[in-house]
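Report on the following structure.
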Amino acid sequence: MTAAQTQTPAPEKETGAPGPSRWREAFTRIATGNALVSVLAVIASIIVGSIMIAATDPDVQAAAGYFFQRPTDTLGAIGSSVGGAYAALFRGAVYNFNATSFAIGIRPFTETLKFATPLIAAGLGVGLAFRAGLFNIGGQGQMLMAAAAAGYIATTWDLPFPLHMIAALVAGIIAGAIWGGIAGFLKARTGAHEVIVTIMLNHIAFYLLAWMLATQGVLQAPGSSNPKTAPMADTAVLPQILGPMYKLHLGFLLALVAVAITWWILERSSLGFRFRAVGENPAAARTAGISVGRMYFVVMIIGGGLVGLAGVSQALGTEPNGFGGGIDAGIGFDAITVALLGRSRPIGILFAGLLFGAFKTGGFTMQASQGVPIEIVLVVQSLIVLFIAAPPLVRAMFGVPQPGQAPRRVRRAAKKEVAA
C-alpha cells in the first residue's frame, strides 16, 4: 500500500442545511444569557433613572445654581429628590406605610400582582418561543383575539358558574393558540419569517377587533354605538381571591400555574428538550431526527395559548365591566421586555413580571406625590432592554469579567509579571 493510499482524506465540506445565522446566534445569547447581566442591567437603569429624576427636580435645579458656594445644598436636594421618588415608588407598589391598617397598607402590593399577571403570562409565551429560536412579536394580536373570544363567550352565553368562566377561559386560550399557530404554520411550511408574520397578524387582529366592537351582535354592547363590549356576565368573571377589598383576581393564580407548567415543559419533558435543541441549532436538531418545522408549529401554538391567558385575564379579571380596542394595554410588547429580562426562563420571567408590575403600579404614586413624570419609569424600562442587549457594556460598567476572561486582579498580576 502506497503512501498516497494510506493518507487520510481531507474532510469534505458539509453540504447540509446551514447553521444558525449570526443575528440568530446573537439574539439567542441575549435572550438566554447570564442572569447576572439582567440584575446589573436593572441596577444601571435605576441609576440612570435617578440621574434623570434629580435633573428634572426644581429644587435640585435651584440649588445647582450656587453649587460651588454651598455644595451640600445641591447634594441634599438630590438625595431628597431621588429618595422621595423611590420611597413613593415603594409605597405605591409594595406597602404604604402611611396607611391606617395593614389591610390598607398591603393594597399596593396586590395591585402590583394584578398588573404583573398578564405580563407574566404573556412573557411566558414570548420566552418559550425565544427558547425555540423564534421571535414571537405577535403578543398584541394573540391577546386581542383571546380577549375577543373570551368576551364573546362571557357576554352571549348563559351558563352557571364556574362552567361559564371555564368556557370563556378555554375559548380565549384556544383563540390565542390559533393566532400564534398561524405564524408557526407559515414558518414551518413556507419559511416565512415569524417577525414579519406576527407583526402583520397584530394589525389584522387590531382591525378585526375594531370591526367586532363596532358590529351589533358580535361584541358591541346591545343598544350602544360605542366601540365597547357589554359587561361580562357575573358567572364568567374571574373571582377576586382576596375579597372585594382588593382587585387581585384568579388570573394571578393561573399565571403561577402557567409558570410551573412552562418550567416543566422546558426543563423536564422531551418536548422541551426538542424546543431547546431547535433553538440552539436547527441544523443539528434536524440531523438528530427532530422535525424542526413541527417544533416551530407546536411552540407557537403553546406560546400563543400562554399569551392568550394574558388576554383572558384582562377581559375577565381586570376589565369585567366591558373593554374596548385597547384591552391589550401595550402588554403584548412589554412581554418582550419581560422575557428578555427573565432570560426566557419561567422563574426569571415571573420575577421580571413582578418588577414591571411594580414599576407600573408605583409609577402613578411617584408622579402624584413627587411630581416625577411617569415617562421616566418608561425610560427606565427601555434602558433595561438597552443594557440587556449590550452585555459587554454592562460588564464593563461594573467591572465584571467578560465570558472566558480572567478576573481583573489576575490580569493585573499577569501584566506585572510580563513587565518584570
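Chain identifiers are assigned as A, B, and so on, following the order in which chains appear in the C-alpha cells; residues are numbered from 1 within each chain, and ligands are numbered from 1 in order of appearance.
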Give me, as a PyMOL selection string, all polymer residues having an atom no more than 10 Å from His193 in chain A, counting only C-alpha atoms and skipping those fewer than 5 positions away in the same chain. chain A and resi 134-135+183-184+186-188+198
Using C-alpha atoms, can you export the residues from the last selection as a compact mmCIF listing (two decimals), in the first residue's frame?
# COMPACT_ATOMS: atom_id res chain seq x y z
CA LEU A 134 -38.43 32.09 17.26
CA PHE A 135 -39.24 35.74 17.84
CA ALA A 183 -47.35 32.18 12.35
CA GLY A 184 -45.85 28.83 13.35
CA LEU A 186 -46.37 29.60 7.91
CA LYS A 187 -42.85 29.42 9.33
CA ALA A 188 -42.82 25.62 9.16
CA THR A 198 -46.61 38.16 13.71
Please provide as a ChimeraX atom specification all residues within 9 Å of Ile53 in chain A, with the sequence filter that same-chain residues fewer than 3 positions apart are discarded (counting only C-alpha atoms). /A:48-50,56-57,78,81-82,85,372-373,376
Nearest residue to Leu250 in chain A from the set A:Pro118, A:Gly332, A:Pro227, A:Gly279 (distances using only C-alpha atoms): A:Pro118
Spatial neighbours of Gly293 in chain A, 8 Å, only C-alpha atoms, chain gap at least 2 places, as a list in words: Lys187, Ala188, Arg189, Ser291, Met295, Tyr296 and Phe297 of chain A
Take the residues that were just selected and, keeping N, CA and C atoms, output them as a CSV table (one decimal), in the first residue's frame.
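Printed below is out_23.csv as written:
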chain,number,residue,atom,x,y,z
A,187,LYS,N,-44.3,29.6,9.2
A,187,LYS,CA,-42.9,29.4,9.3
A,187,LYS,C,-42.4,28.0,9.0
A,188,ALA,N,-43.2,27.0,9.4
A,188,ALA,CA,-42.8,25.6,9.2
A,188,ALA,C,-43.0,25.2,7.7
A,189,ARG,N,-44.1,25.7,7.1
A,189,ARG,CA,-44.4,25.2,5.7
A,189,ARG,C,-43.8,26.0,4.6
A,291,SER,N,-38.0,17.0,14.0
A,291,SER,CA,-38.7,17.8,13.0
A,291,SER,C,-38.8,19.3,13.4
A,295,MET,N,-41.7,21.5,15.4
A,295,MET,CA,-41.4,22.2,16.7
A,295,MET,C,-41.8,23.7,16.6
A,296,TYR,N,-41.5,24.3,15.4
A,296,TYR,CA,-41.9,25.7,15.3
A,296,TYR,C,-43.4,25.8,15.4
A,297,PHE,N,-44.1,24.9,14.8
A,297,PHE,CA,-45.6,25.0,14.9
A,297,PHE,C,-46.1,24.8,16.3
Please produce, as a Markdown table, a per-residue contact table for range 85-188 of chain A versus range 347-350 of chain A (criterion: any atom at most 9 Å away, only C-alpha atoms considered), showing the nearest atom pair and its distance in Å to one decimal, sorted by chain then residue number.
| residue | atom | partner | partner_atom | distance |
| --- | --- | --- | --- | --- |
| A:Ala116 | CA | A:Leu350 | CA | 8.5 |
| A:Leu119 | CA | A:Leu350 | CA | 8.6 |
| A:Ile120 | CA | A:Leu350 | CA | 5.6 |
| A:Ala121 | CA | A:Leu350 | CA | 8.7 |
| A:Gly123 | CA | A:Ile349 | CA | 6.3 |
| A:Leu124 | CA | A:Ile349 | CA | 6.7 |
| A:Gly127 | CA | A:Ile349 | CA | 7.9 |
Keeping N, CA and C atoms, export the residues of the selection given above as an mmCIF file, in the first residue's frame.
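Saved to result.cif:
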data_model
loop_
_atom_site.group_PDB
_atom_site.id
_atom_site.type_symbol
_atom_site.label_atom_id
_atom_site.label_comp_id
_atom_site.auth_asym_id
_atom_site.auth_seq_id
_atom_site.Cartn_x
_atom_site.Cartn_y
_atom_site.Cartn_z
ATOM 1 N N ALA A 116 -48.993 42.594 37.238
ATOM 2 C CA ALA A 116 -47.978 41.635 36.801
ATOM 3 C C ALA A 116 -48.578 40.388 36.169
ATOM 4 N N LEU A 119 -48.502 40.303 32.384
ATOM 5 C CA LEU A 119 -47.107 40.381 31.955
ATOM 6 C C LEU A 119 -46.413 39.042 32.114
ATOM 7 N N ILE A 120 -46.714 38.342 33.195
ATOM 8 C CA ILE A 120 -46.107 37.028 33.415
ATOM 9 C C ILE A 120 -46.597 36.036 32.367
ATOM 10 N N ALA A 121 -47.913 35.983 32.156
ATOM 11 C CA ALA A 121 -48.460 35.022 31.198
ATOM 12 C C ALA A 121 -47.963 35.298 29.786
ATOM 13 N N GLY A 123 -45.304 37.049 28.959
ATOM 14 C CA GLY A 123 -43.856 36.851 28.919
ATOM 15 C C GLY A 123 -43.486 35.392 28.769
ATOM 16 N N LEU A 124 -44.265 34.503 29.364
ATOM 17 C CA LEU A 124 -44.014 33.068 29.201
ATOM 18 C C LEU A 124 -44.181 32.648 27.744
ATOM 19 N N GLY A 127 -41.200 34.128 25.837
ATOM 20 C CA GLY A 127 -39.961 33.463 26.228
ATOM 21 C C GLY A 127 -39.876 32.034 25.733
#
